[in-house]
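Raw query.cif, mmCIF, C-alpha atoms:
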```
data_work
loop_
_atom_site.label_atom_id
_atom_site.label_comp_id
_atom_site.auth_asym_id
_atom_site.auth_seq_id
_atom_site.Cartn_x
_atom_site.Cartn_y
_atom_site.Cartn_z
CA MET R 1 2.58 11.90 4.41
CA ARG R 2 4.40 14.29 6.76
CA ILE R 3 6.15 13.19 9.96
CA LEU R 4 8.17 15.79 11.83
CA PRO R 5 11.41 14.55 13.37
CA GLN R 6 10.64 16.80 16.36
CA LEU R 7 7.80 14.46 17.30
CA LEU R 8 10.41 12.03 18.56
CA ALA R 9 11.31 14.46 21.29
CA LEU R 10 7.84 13.96 22.73
CA SER R 11 8.90 10.51 23.81
CA LEU R 12 10.72 12.21 26.69
CA LEU R 13 7.48 13.77 27.88
CA LEU R 14 4.69 11.37 26.94
CA PRO R 15 4.25 7.90 28.43
CA ILE R 16 3.65 6.06 25.16
CA PRO R 17 3.49 2.28 25.67
CA VAL R 18 5.42 -0.10 23.47
CA ALA R 19 3.09 -1.54 20.83
CA PRO R 20 2.09 -5.17 21.47
CA VAL R 21 3.03 -8.00 19.16
CA ILE R 22 0.36 -8.82 16.59
CA SER R 23 -1.64 -11.92 17.33
CA ALA R 24 -2.81 -14.24 14.59
CA ALA R 25 -5.74 -12.98 12.54
CA PRO R 26 -9.12 -14.65 13.10
CA ALA R 27 -9.43 -17.91 11.22
CA GLU R 28 -12.95 -17.34 9.93
CA THR R 29 -13.44 -16.14 6.38
CA HIS R 30 -14.70 -12.59 5.96
CA LEU R 31 -14.57 -12.42 2.17
CA PRO R 32 -17.29 -14.11 0.11
CA ALA R 33 -16.69 -15.62 -3.33
CA PHE R 34 -15.19 -13.00 -5.60
CA THR R 35 -18.13 -12.67 -7.98
CA GLU R 36 -20.53 -12.50 -5.04
CA ALA R 37 -18.39 -9.85 -3.37
CA TYR R 38 -18.36 -7.77 -6.56
CA ARG R 39 -22.14 -7.93 -6.80
CA GLU R 40 -22.81 -7.12 -3.14
CA THR R 41 -20.33 -4.26 -3.14
CA ALA R 42 -21.75 -2.77 -6.35
CA VAL R 43 -25.21 -2.72 -4.79
CA ARG R 44 -23.91 -0.85 -1.73
CA MET R 45 -22.02 1.64 -3.90
CA LEU R 46 -25.05 2.35 -6.04
CA ALA R 47 -27.13 2.93 -2.91
CA THR R 48 -24.49 5.27 -1.42
CA GLY R 49 -24.50 7.63 -4.39
CA CYS R 50 -21.76 9.50 -6.22
CA PRO R 51 -18.92 9.16 -6.76
CA TYR R 52 -19.15 5.53 -5.64
CA ALA R 53 -22.27 4.80 -7.66
CA THR R 54 -20.38 5.96 -10.75
CA TRP R 55 -17.53 3.57 -9.98
CA ALA R 56 -19.96 0.67 -9.76
CA ALA R 57 -21.83 1.73 -12.89
CA GLN R 58 -18.54 1.68 -14.79
CA GLY R 59 -18.27 -2.04 -14.11
CA ARG R 60 -15.27 -1.79 -11.82
CA HIS R 61 -14.74 -4.61 -9.33
CA PHE R 62 -14.53 -4.01 -5.58
CA LEU R 63 -14.29 -6.75 -2.95
CA PHE R 64 -15.63 -4.66 -0.07
CA PHE R 65 -16.84 -1.13 0.51
CA ASP R 66 -17.42 0.83 3.73
CA PRO R 67 -17.94 4.60 3.49
CA ALA R 68 -17.96 5.12 7.28
CA GLY R 69 -15.27 7.40 8.66
CA ASP R 70 -12.37 7.72 6.24
CA GLY R 71 -13.73 4.68 4.41
CA ARG R 72 -12.39 1.29 3.33
CA THR R 73 -12.38 -0.56 0.03
CA ALA R 74 -10.37 -2.88 -2.21
CA GLU R 75 -10.43 -2.62 -5.99
CA VAL R 76 -9.44 -5.53 -8.24
CA PHE R 77 -7.72 -5.13 -11.60
CA GLY R 78 -7.69 -8.31 -13.65
CA ASP R 79 -9.45 -11.65 -13.13
CA LEU R 80 -8.97 -12.99 -9.62
CA ASN R 81 -10.74 -16.22 -10.52
CA ARG R 82 -7.96 -17.27 -12.88
CA ALA R 83 -4.93 -15.24 -11.80
CA SER R 84 -1.86 -17.28 -10.92
CA ARG R 85 -0.08 -14.22 -9.52
CA ILE R 86 -1.65 -11.50 -7.38
CA ALA R 87 -0.09 -8.23 -6.21
CA ILE R 88 -1.68 -6.49 -3.22
CA LEU R 89 -0.85 -2.80 -2.95
CA VAL R 90 -1.24 -1.09 0.46
CA PRO R 91 -1.18 2.75 0.57
CA GLY R 92 0.07 4.98 3.36
CA VAL R 93 -0.74 8.09 5.40
CA ASP R 94 -3.65 10.33 4.35
CA SER R 95 -5.19 7.67 2.06
CA THR R 96 -8.97 7.86 2.27
CA LEU R 97 -11.91 6.49 0.36
CA VAL R 98 -12.88 9.87 -1.05
CA ASP R 99 -9.37 10.24 -2.52
CA PHE R 100 -9.06 6.60 -3.58
CA ASP R 101 -9.57 7.43 -7.24
CA ARG R 102 -8.44 11.06 -7.47
CA GLY R 103 -5.50 11.17 -5.06
CA LEU R 104 -4.72 13.44 -2.14
CA GLY R 105 -5.07 17.03 -3.27
CA GLY R 106 -6.35 15.84 -6.63
CA VAL R 107 -2.90 14.48 -7.56
CA ALA R 108 -3.66 11.27 -9.46
CA ARG R 109 -0.32 9.58 -8.87
CA ARG R 110 -1.14 9.52 -5.15
CA ALA R 111 -4.39 7.64 -5.67
CA PRO R 112 -4.39 3.94 -4.68
CA GLY R 113 -6.81 3.22 -7.52
CA VAL R 114 -4.57 4.89 -10.07
CA GLN R 115 -1.42 3.18 -8.75
CA GLY R 116 -3.08 -0.24 -8.86
CA ARG R 117 -4.38 0.33 -12.38
CA THR R 118 -0.95 1.48 -13.60
CA LEU R 119 0.77 -1.57 -12.11
CA TYR R 120 -1.82 -3.90 -13.63
CA GLN R 121 -1.42 -2.33 -17.06
CA GLN R 122 2.31 -3.02 -16.93
CA LEU R 123 1.85 -6.58 -15.68
CA SER R 124 -0.89 -7.54 -18.12
CA LYS R 125 1.29 -6.59 -21.08
CA ARG R 126 3.44 -9.58 -20.18
CA ASP R 127 1.05 -12.01 -18.48
CA SER R 128 -2.74 -12.15 -18.72
CA ASP R 129 -3.07 -14.42 -15.68
CA VAL R 130 -2.28 -11.71 -13.17
CA ALA R 131 -4.34 -9.48 -10.90
CA VAL R 132 -3.68 -6.43 -8.74
CA ILE R 133 -5.64 -5.42 -5.65
CA SER R 134 -5.47 -1.85 -4.35
CA TRP R 135 -6.26 -2.55 -0.70
CA LEU R 136 -7.44 0.30 1.51
CA GLY R 137 -8.62 -2.02 4.24
CA TYR R 138 -7.36 -0.07 7.24
CA ASP R 139 -7.46 3.47 8.61
CA PRO R 140 -4.12 5.15 7.83
CA PRO R 141 -2.92 8.05 9.99
CA GLU R 142 -3.86 11.56 8.98
CA GLY R 143 -0.97 13.88 8.21
CA ILE R 144 1.37 15.08 10.95
CA GLY R 145 0.80 13.55 14.35
CA LEU R 146 1.64 10.82 16.81
CA ALA R 147 -0.39 8.25 14.89
CA ALA R 148 1.92 8.67 11.88
CA ALA R 149 5.00 8.32 14.10
CA THR R 150 3.87 5.06 15.73
CA GLU R 151 2.80 1.63 14.50
CA GLY R 152 -0.66 1.43 16.09
CA ARG R 153 -2.62 1.99 12.87
CA ALA R 154 -0.24 -0.34 11.02
CA GLN R 155 -0.83 -3.12 13.53
CA ASP R 156 -4.58 -2.89 13.04
CA GLY R 157 -4.04 -2.81 9.28
CA ALA R 158 -1.78 -5.85 9.42
CA ARG R 159 -4.39 -7.89 11.30
CA ARG R 160 -6.96 -7.00 8.67
CA LEU R 161 -4.53 -7.69 5.83
CA ILE R 162 -3.62 -11.11 7.24
CA THR R 163 -7.28 -12.10 7.26
CA PHE R 164 -7.81 -10.69 3.77
CA VAL R 165 -4.83 -12.53 2.25
CA ARG R 166 -5.89 -15.81 3.85
CA ASP R 167 -9.41 -15.35 2.51
CA VAL R 168 -8.06 -14.76 -1.00
CA LEU R 169 -5.82 -17.82 -0.79
CA ARG R 170 -8.70 -20.00 0.38
CA GLN R 171 -10.37 -19.27 -2.93
CA ARG R 172 -7.14 -19.33 -4.95
CA PRO R 173 -4.85 -21.88 -3.23
CA GLY R 174 -1.37 -22.05 -4.66
CA THR R 175 -1.53 -18.55 -6.10
CA THR R 176 1.63 -16.46 -5.73
CA VAL R 177 0.91 -13.30 -3.71
CA THR R 178 3.26 -10.32 -3.54
CA LEU R 179 2.71 -7.62 -0.91
CA ILE R 180 3.61 -4.05 -1.92
CA GLY R 181 3.59 -1.24 0.62
CA HIS R 182 3.94 2.43 -0.18
CA SER R 183 5.14 4.76 2.59
CA TYR R 184 3.36 3.90 5.89
CA GLY R 185 1.73 0.99 4.05
CA SER R 186 5.16 -0.68 4.11
CA ILE R 187 4.81 -1.11 7.87
CA VAL R 188 1.43 -2.76 7.34
CA VAL R 189 2.76 -5.30 4.84
CA GLY R 190 5.87 -5.95 6.93
CA LEU R 191 3.91 -6.71 10.09
CA ALA R 192 1.46 -8.87 8.14
CA ALA R 193 4.18 -10.85 6.35
CA ARG R 194 5.47 -12.21 9.67
CA ASP R 195 2.26 -14.24 10.00
CA LEU R 196 1.89 -15.10 6.32
CA PRO R 197 4.45 -17.77 5.40
CA GLU R 198 2.68 -18.05 2.03
CA ILE R 199 4.16 -14.68 1.00
CA GLY R 200 7.40 -14.99 -0.94
CA ASP R 201 8.08 -11.33 -1.73
CA VAL R 202 7.51 -8.06 0.11
CA VAL R 203 8.14 -4.79 -1.75
CA THR R 204 8.52 -1.46 0.04
CA LEU R 205 8.36 1.89 -1.73
CA GLY R 206 9.47 5.01 0.13
CA ALA R 207 9.22 3.17 3.45
CA PRO R 208 9.78 5.02 6.76
CA GLY R 209 9.99 1.59 8.42
CA ILE R 210 8.65 -1.93 8.05
CA GLY R 211 7.85 -3.07 11.58
CA VAL R 212 10.95 -5.25 12.06
CA SER R 213 14.69 -4.62 12.26
CA HIS R 214 15.95 -7.25 9.82
CA ALA R 215 14.69 -8.87 6.64
CA ALA R 216 15.14 -12.27 8.31
CA ASP R 217 12.40 -11.32 10.79
CA LEU R 218 9.75 -11.56 8.06
CA GLY R 219 9.54 -15.33 8.15
CA GLY R 220 11.49 -16.04 4.98
CA ALA R 221 9.94 -13.52 2.61
CA ARG R 222 12.36 -11.75 0.29
CA VAL R 223 12.35 -8.00 0.87
CA TRP R 224 12.85 -5.46 -1.90
CA SER R 225 13.22 -1.77 -1.16
CA ALA R 226 13.06 1.38 -3.28
CA LEU R 227 14.05 4.69 -1.74
CA ALA R 228 14.75 7.48 -4.22
CA PRO R 229 17.42 10.13 -3.50
CA GLN R 230 14.69 12.80 -3.80
CA ASP R 231 12.33 11.10 -1.33
CA TRP R 232 11.82 13.21 1.82
CA ILE R 233 11.34 10.00 3.85
CA ARG R 234 15.14 9.93 4.10
CA ARG R 235 14.92 12.80 6.60
CA ILE R 236 12.98 10.74 9.15
CA PRO R 237 15.25 9.51 11.97
CA GLN R 238 15.58 5.73 12.21
CA VAL R 239 14.75 5.43 15.90
CA ARG R 240 12.10 3.96 18.16
CA VAL R 241 11.86 5.24 21.75
CA LEU R 242 9.05 4.19 24.11
CA GLY R 243 6.90 3.24 21.15
CA LEU R 244 7.47 6.51 19.29
CA GLY R 245 9.29 6.35 15.97
CA LEU R 246 9.22 3.77 13.19
CA GLY R 247 12.59 2.13 13.68
CA ARG R 248 14.96 0.94 10.98
CA ARG R 249 14.04 1.53 7.35
CA PRO R 250 14.27 -1.43 4.97
CA SER R 251 16.65 0.74 2.92
CA SER R 252 19.16 0.68 5.77
CA PRO R 253 22.33 -1.34 4.98
CA ALA R 254 21.84 -3.35 8.17
CA PHE R 255 18.32 -4.42 7.30
CA GLY R 256 19.19 -6.89 4.57
CA ALA R 257 16.77 -5.91 1.81
CA THR R 258 17.63 -5.82 -1.87
CA ALA R 259 17.65 -2.44 -3.57
CA LEU R 260 15.39 -1.60 -6.47
CA PRO R 261 16.35 1.00 -9.09
CA THR R 262 14.78 4.42 -8.74
CA ASP R 263 15.66 6.08 -12.05
CA GLY R 264 12.80 8.36 -13.04
CA VAL R 265 11.42 8.57 -9.49
CA ALA R 266 11.13 12.29 -8.78
CA GLY R 267 9.89 12.02 -5.21
CA HIS R 268 7.86 10.16 -2.62
CA ASP R 269 4.76 9.62 -4.79
CA TYR R 270 6.46 8.69 -8.07
CA TYR R 271 7.49 5.04 -7.60
CA LEU R 272 4.56 3.60 -9.56
CA VAL R 273 4.39 6.30 -12.20
CA GLU R 274 4.61 4.98 -15.76
CA GLY R 275 8.18 5.14 -17.02
CA SER R 276 9.90 4.77 -13.65
CA ALA R 277 12.57 2.10 -13.24
CA THR R 278 10.93 1.08 -9.95
CA LEU R 279 7.65 0.26 -11.68
CA ARG R 280 9.48 -1.96 -14.16
CA ALA R 281 11.36 -3.72 -11.35
CA VAL R 282 8.19 -4.28 -9.32
CA THR R 283 6.60 -5.81 -12.41
CA ASP R 284 9.53 -8.24 -12.65
CA ILE R 285 9.18 -9.22 -9.00
CA VAL R 286 5.46 -9.93 -9.27
CA LEU R 287 5.92 -12.02 -12.43
CA SER R 288 9.18 -13.81 -11.71
CA GLY R 289 10.22 -13.26 -8.12
CA GLY R 290 13.04 -10.88 -8.95
CA PRO R 291 13.83 -7.79 -11.00
CA ARG R 292 15.63 -8.26 -14.28
CA HIS R 293 17.95 -5.31 -13.97
CA GLU R 294 21.67 -4.93 -13.53
CA GLY R 295 23.22 -4.08 -10.20
CA ALA R 296 20.65 -5.50 -7.76
CA THR R 297 22.42 -5.04 -4.46
CA HIS R 298 21.89 -4.33 -0.81
CA VAL R 299 20.65 -0.82 -0.21
CA SER R 300 23.07 1.79 1.00
#
```
Could you quickly redo this structure as C-alpha cells?
Amino acid sequence: MRILPQLLALSLLLPIPVAPVISAAPAETHLPAFTEAYRETAVRMLATGCPYATWAAQGRHFLFFDPAGDGRTAEVFGDLNRASRIAILVPGVDSTLVDFDRGLGGVARRAPGVQGRTLYQQLSKRDSDVAVISWLGYDPPEGIGLAAATEGRAQDGARRLITFVRDVLRQRPGTTVTLIGHSYGSIVVGLAARDLPEIGDVVTLGAPGIGVSHAADLGGARVWSALAPQDWIRRIPQVRVLGLGLGRRPSSPAFGATALPTDGVAGHDYYLVEGSATLRAVTDIVLSGGPRHEGATHVS
C-alpha cells in the first residue's frame, strides 16, 4: 500500500463529494451452509484451472470464489461448524485473488492466505474450537491513487462484510467473532462494526484510518490498535478534506483504542509474522477478549 501525502492537496482542485453513510446490509442470506459452500466453491475452482484448481485439490476450504476482475474469495482455517470463536481477517490495498496465496510481489507475509493460516496455527495451539477466515470479499484500491486516499472501496467492502458476518452468525449463533483489519482493511472492519453490535472486538494492524473518529463510535466494540515505529503508515496525514483523506488513525491518542505491543514487527507487513508480539496479542484477544501482556495502554 502506498498513499502519497501530496494527494491531499488535490482536494483543493477536485470536487470530491463526502462519502455517504453506510446503510444496513441486505437481510437476505447470501452464504449457503458451510459444507455446501465448500463443495460448490471447489467445483468452480477446479473448472477455472490453476492455480485455483490446485487449491481445491489440496482440500482447502473456501466459502466463495469469483475470479472476475481482481477476484474475491474467503478461505477458512479450522472447523466453522464447531468453532466457538471466529476471527475474520480483512486485507488492504493491492490485495488480489492472484496474490491471495503468494503475496504481493511474491512476498508471502503479505498474502491474506498466509496471514490467516499463521494466525490459525497460533490459535489452534491453545484452543481447537476456533476458526479463522481470510476474507477478500471486496475490491481493495490499487496502489497509489485517489481510491486509496478515500473510503469509497471500504464502504462497499463494509456492506459486503456486514452481510457475510450476519450469514455466518445465522449458522453459528452465539459464536464470538473478532474482526481484524490490516492497513486499508482496518477501514472496512471499522465501518462494518458500526452495524454489527454482535462484534465485541475490532483489531487494527497498521491502520491509516478506521472510518470513525472515536472508538465509542463503533457501537460498543473494543478497539485494539498496533502501529509499529517502523511502519510507514505513520507518515500519512490524519486529515479528511472534502472526502479526501482517511481521517484519524485508531493509534491516535484521541481515538480511544488500546495499544498492542509491536516488538518484532519490522514494518507494515510484519504484524502477523510468526514471533511478533502483535501476533501473540491478537491471539489473546481472539481467545479471551484481551491481550495477556504487560503495559496495555492507550496508544500514543
Requested in this report: Name the closest residue to R:Thr176 among the candidates R:Gly157, R:Gly275, R:Gly105, R:Gly200; distances are taken between atoms, counting only C-alpha atoms.
Outcome: R:Gly200
Requested in this report: Write out as an MDAnalysis selection string which residues come within 8 Å of stretch 87-101 of chain R when counting all atoms listed in the file, dropping same-chain ones fewer than 4 positions away.
Outcome: chainID R and resid 1 67 70:73 106 108 111:114 116 131:136 139:143 148 177:186 188:189 286
Report task. Name the closest residue to R:Asp269 among the candidates R:Ala42, R:Leu104, R:Val165, R:Leu123; distances are taken between atoms, counting only C-alpha atoms. Result ->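 Of R:Ala42, R:Leu104, R:Val165, R:Leu123, the one nearest R:Asp269, counting only C-alpha atoms, is R:Leu104.
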Query raised in the report: To one decimal place, how far is atom CA of R:Tyr38 from atom CA of R:Gln121 in Å?
Result: 20.7 Å
Query raised in the report: How many Å separate atom CA of R:Val168 from atom CA of R:Ala83?
Result: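 Interatomic distance, atom CA of R:Val168 to atom CA of R:Ala83: 11.3 Å.
Minimum atom-to-atom distances from R:Thr35, R:Thr175, R:Asn81, R:Thr118 to R:Glu274 were compared using all atoms listed in the file, and the lowest value belongs to R:Thr118.
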Query raised in the report: What does the distance from atom CA of R:Trp224 to atom CA of R:Ser124 come to in Å, to one decimal?
Result: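 Atom CA of R:Trp224 sits 21.4 Å away from atom CA of R:Ser124.
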Requested in this report: Kindly indicate which residue among R:Ala228, R:Ala221, R:Ile86, R:Ile236 lies nearest to R:Gly209, using all atoms listed in the file for the distances.
Outcome: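 Selected residue with least distance to R:Gly209: R:Ile236.
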Query raised in the report: Taking (15.4, 12.5, -2.0) in the file's coordinates as the center, which residues reach within 10 Å of it, counting only C-alpha atoms, put as a ChimeraX atom specification?
Result: /R:206,227-235,265-268
**Report entry** Picked residues, the PyMOL selection byres ((chain R and resi 57) around 12), as number ranges by chain
**Finding:** R: 38-39, 41-47, 49-56, 58-62
Requested in this report: Kindly indicate which residue among R:Tyr138, R:Thr258, R:Gly220, R:Thr48 lies nearest to R:Gln155, using all atoms listed in the file for the distances.
Outcome: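 Closest to R:Gln155, using all atoms listed in the file: R:Tyr138.
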Requested in this report: Starting from the shown file, work through the PyMOL selection byres ((chain R and resi 171-173) around 10) and note down what comes out as a PyMOL selection string.
Outcome: chain R and resi 31-34+80-86+166-170+174-176+198
Take the selection from the previous step and output its residues with C-alpha atoms, as a compact mmCIF listing (two decimals), keeping the file's coordinate frame.
```
# COMPACT_ATOMS: atom_id res chain seq x y z
CA LEU R 31 -14.57 -12.42 2.17
CA PRO R 32 -17.29 -14.11 0.11
CA ALA R 33 -16.69 -15.62 -3.33
CA PHE R 34 -15.19 -13.00 -5.60
CA LEU R 80 -8.97 -12.99 -9.62
CA ASN R 81 -10.74 -16.22 -10.52
CA ARG R 82 -7.96 -17.27 -12.88
CA ALA R 83 -4.93 -15.24 -11.80
CA SER R 84 -1.86 -17.28 -10.92
CA ARG R 85 -0.08 -14.22 -9.52
CA ILE R 86 -1.65 -11.50 -7.38
CA ARG R 166 -5.89 -15.81 3.85
CA ASP R 167 -9.41 -15.35 2.51
CA VAL R 168 -8.06 -14.76 -1.00
CA LEU R 169 -5.82 -17.82 -0.79
CA ARG R 170 -8.70 -20.00 0.38
CA GLY R 174 -1.37 -22.05 -4.66
CA THR R 175 -1.53 -18.55 -6.10
CA THR R 176 1.63 -16.46 -5.73
CA GLU R 198 2.68 -18.05 2.03
```
Is it possible to get the axis-aligned box enclosing stretch 62-66 of chain R (all listed atoms, 6 Å extra per side) as lines of an AutoDock Vina configuration file, with centre and edge lengths in Å rounded to one decimal?
```
center_x = -15.9
center_y = -3.0
center_z = -0.9
size_x = 15.1
size_y = 19.6
size_z = 21.3
```
Report task. Can you work out which one of R:Arg102, R:Arg249, R:Arg222, R:Arg194 has the shortest atom-to-atom distance to R:Gly289, counting all atoms listed in the file? Result ->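 Nearest candidate to R:Gly289 out of R:Arg102, R:Arg249, R:Arg222, R:Arg194: R:Arg222.
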Which residues fall under the PyMOL selection byres ((chain R and resi 193) around 8) in this file, as a PDB file with C-alpha atoms, in the coordinates of the input?
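part_14.pdb, freshly written:
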```
ATOM      1  CA  ILE R 162      -3.620 -11.110   7.240  1.00  0.00           C
ATOM      2  CA  VAL R 189       2.760  -5.300   4.840  1.00  0.00           C
ATOM      3  CA  GLY R 190       5.870  -5.950   6.930  1.00  0.00           C
ATOM      4  CA  LEU R 191       3.910  -6.710  10.090  1.00  0.00           C
ATOM      5  CA  ALA R 192       1.460  -8.870   8.140  1.00  0.00           C
ATOM      6  CA  ARG R 194       5.470 -12.210   9.670  1.00  0.00           C
ATOM      7  CA  ASP R 195       2.260 -14.240  10.000  1.00  0.00           C
ATOM      8  CA  LEU R 196       1.890 -15.100   6.320  1.00  0.00           C
ATOM      9  CA  PRO R 197       4.450 -17.770   5.400  1.00  0.00           C
ATOM     10  CA  ILE R 199       4.160 -14.680   1.000  1.00  0.00           C
ATOM     11  CA  VAL R 202       7.510  -8.060   0.110  1.00  0.00           C
ATOM     12  CA  LEU R 218       9.750 -11.560   8.060  1.00  0.00           C
ATOM     13  CA  GLY R 219       9.540 -15.330   8.150  1.00  0.00           C
ATOM     14  CA  ALA R 221       9.940 -13.520   2.610  1.00  0.00           C
TER      15      ALA R 221
END
```
Start from the incomplete input, build all heavy atoms for stretch 167-176 of chain R, and deliver everything as a PDB file, in the coordinates of the input.
```
ATOM      1  N   ASP R 167      -8.125 -15.154   3.192  1.00  0.00           N
ATOM      2  CA  ASP R 167      -9.410 -15.350   2.510  1.00  0.00           C
ATOM      3  C   ASP R 167      -9.216 -15.497   1.008  1.00  0.00           C
ATOM      4  O   ASP R 167      -9.852 -16.331   0.365  1.00  0.00           O
ATOM      5  CB  ASP R 167     -10.348 -14.181   2.805  1.00  0.00           C
ATOM      6  CG  ASP R 167     -10.861 -14.175   4.241  1.00  0.00           C
ATOM      7  OD1 ASP R 167     -10.689 -15.198   4.929  1.00  0.00           O
ATOM      8  OD2 ASP R 167     -11.421 -13.151   4.664  1.00  0.00           O
ATOM      9  N   VAL R 168      -8.339 -14.664   0.437  1.00  0.00           N
ATOM     10  CA  VAL R 168      -8.060 -14.760  -1.000  1.00  0.00           C
ATOM     11  C   VAL R 168      -7.444 -16.113  -1.328  1.00  0.00           C
ATOM     12  O   VAL R 168      -7.839 -16.780  -2.298  1.00  0.00           O
ATOM     13  CB  VAL R 168      -7.124 -13.614  -1.439  1.00  0.00           C
ATOM     14  CG1 VAL R 168      -6.605 -13.854  -2.860  1.00  0.00           C
ATOM     15  CG2 VAL R 168      -7.849 -12.273  -1.375  1.00  0.00           C
ATOM     16  N   LEU R 169      -6.502 -16.562  -0.514  1.00  0.00           N
ATOM     17  CA  LEU R 169      -5.820 -17.820  -0.790  1.00  0.00           C
ATOM     18  C   LEU R 169      -6.727 -19.029  -0.567  1.00  0.00           C
ATOM     19  O   LEU R 169      -6.485 -20.096  -1.151  1.00  0.00           O
ATOM     20  CB  LEU R 169      -4.559 -17.930   0.073  1.00  0.00           C
ATOM     21  CG  LEU R 169      -3.422 -16.993  -0.348  1.00  0.00           C
ATOM     22  CD1 LEU R 169      -2.264 -17.068   0.634  1.00  0.00           C
ATOM     23  CD2 LEU R 169      -2.945 -17.325  -1.762  1.00  0.00           C
ATOM     24  N   ARG R 170      -7.743 -18.898   0.253  1.00  0.00           N
ATOM     25  CA  ARG R 170      -8.700 -20.000   0.380  1.00  0.00           C
ATOM     26  C   ARG R 170      -9.429 -20.228  -0.940  1.00  0.00           C
ATOM     27  O   ARG R 170      -9.766 -21.361  -1.285  1.00  0.00           O
ATOM     28  CB  ARG R 170      -9.712 -19.703   1.483  1.00  0.00           C
ATOM     29  CG  ARG R 170      -9.170 -19.868   2.892  1.00  0.00           C
ATOM     30  CD  ARG R 170     -10.278 -19.801   3.929  1.00  0.00           C
ATOM     31  NE  ARG R 170      -9.715 -19.830   5.266  1.00  0.00           N
ATOM     32  CZ  ARG R 170      -9.510 -18.762   6.016  1.00  0.00           C
ATOM     33  NH1 ARG R 170      -9.834 -17.570   5.541  1.00  0.00           N
ATOM     34  NH2 ARG R 170      -8.984 -18.870   7.216  1.00  0.00           N
ATOM     35  N   GLN R 171      -9.690 -19.145  -1.648  1.00  0.00           N
ATOM     36  CA  GLN R 171     -10.370 -19.270  -2.930  1.00  0.00           C
ATOM     37  C   GLN R 171      -9.395 -19.539  -4.074  1.00  0.00           C
ATOM     38  O   GLN R 171      -9.797 -20.112  -5.093  1.00  0.00           O
ATOM     39  CB  GLN R 171     -11.148 -17.979  -3.226  1.00  0.00           C
ATOM     40  CG  GLN R 171     -12.245 -17.678  -2.201  1.00  0.00           C
ATOM     41  CD  GLN R 171     -13.119 -16.524  -2.630  1.00  0.00           C
ATOM     42  OE1 GLN R 171     -13.569 -16.453  -3.771  1.00  0.00           O
ATOM     43  NE2 GLN R 171     -13.382 -15.594  -1.722  1.00  0.00           N
ATOM     44  N   ARG R 172      -8.135 -19.130  -3.905  1.00  0.00           N
ATOM     45  CA  ARG R 172      -7.140 -19.330  -4.950  1.00  0.00           C
ATOM     46  C   ARG R 172      -5.898 -19.989  -4.358  1.00  0.00           C
ATOM     47  O   ARG R 172      -4.802 -19.402  -4.345  1.00  0.00           O
ATOM     48  CB  ARG R 172      -6.777 -17.984  -5.598  1.00  0.00           C
ATOM     49  CG  ARG R 172      -7.935 -17.298  -6.312  1.00  0.00           C
ATOM     50  CD  ARG R 172      -8.352 -18.056  -7.551  1.00  0.00           C
ATOM     51  NE  ARG R 172      -7.252 -18.131  -8.498  1.00  0.00           N
ATOM     52  CZ  ARG R 172      -7.075 -19.109  -9.370  1.00  0.00           C
ATOM     53  NH1 ARG R 172      -7.901 -20.147  -9.380  1.00  0.00           N
ATOM     54  NH2 ARG R 172      -6.066 -19.091 -10.210  1.00  0.00           N
ATOM     55  N   PRO R 173      -6.009 -21.210  -3.841  1.00  0.00           N
ATOM     56  CA  PRO R 173      -4.850 -21.880  -3.230  1.00  0.00           C
ATOM     57  C   PRO R 173      -3.731 -22.077  -4.250  1.00  0.00           C
ATOM     58  O   PRO R 173      -3.977 -22.371  -5.410  1.00  0.00           O
ATOM     59  CB  PRO R 173      -5.427 -23.216  -2.763  1.00  0.00           C
ATOM     60  CG  PRO R 173      -6.660 -23.423  -3.600  1.00  0.00           C
ATOM     61  CD  PRO R 173      -7.216 -22.070  -3.857  1.00  0.00           C
ATOM     62  N   GLY R 174      -2.522 -21.887  -3.791  1.00  0.00           N
ATOM     63  CA  GLY R 174      -1.370 -22.050  -4.660  1.00  0.00           C
ATOM     64  C   GLY R 174      -1.004 -20.821  -5.459  1.00  0.00           C
ATOM     65  O   GLY R 174       0.028 -20.804  -6.142  1.00  0.00           O
ATOM     66  N   THR R 175      -1.823 -19.785  -5.387  1.00  0.00           N
ATOM     67  CA  THR R 175      -1.530 -18.550  -6.100  1.00  0.00           C
ATOM     68  C   THR R 175      -0.356 -17.818  -5.441  1.00  0.00           C
ATOM     69  O   THR R 175      -0.245 -17.783  -4.213  1.00  0.00           O
ATOM     70  CB  THR R 175      -2.757 -17.629  -6.121  1.00  0.00           C
ATOM     71  OG1 THR R 175      -3.845 -18.305  -6.733  1.00  0.00           O
ATOM     72  CG2 THR R 175      -2.477 -16.341  -6.876  1.00  0.00           C
ATOM     73  N   THR R 176       0.507 -17.236  -6.250  1.00  0.00           N
ATOM     74  CA  THR R 176       1.630 -16.460  -5.730  1.00  0.00           C
ATOM     75  C   THR R 176       1.150 -15.047  -5.401  1.00  0.00           C
ATOM     76  O   THR R 176       0.601 -14.351  -6.261  1.00  0.00           O
ATOM     77  CB  THR R 176       2.760 -16.381  -6.769  1.00  0.00           C
ATOM     78  OG1 THR R 176       3.221 -17.703  -7.043  1.00  0.00           O
ATOM     79  CG2 THR R 176       3.917 -15.538  -6.250  1.00  0.00           C
TER      80      THR R 176
END
```
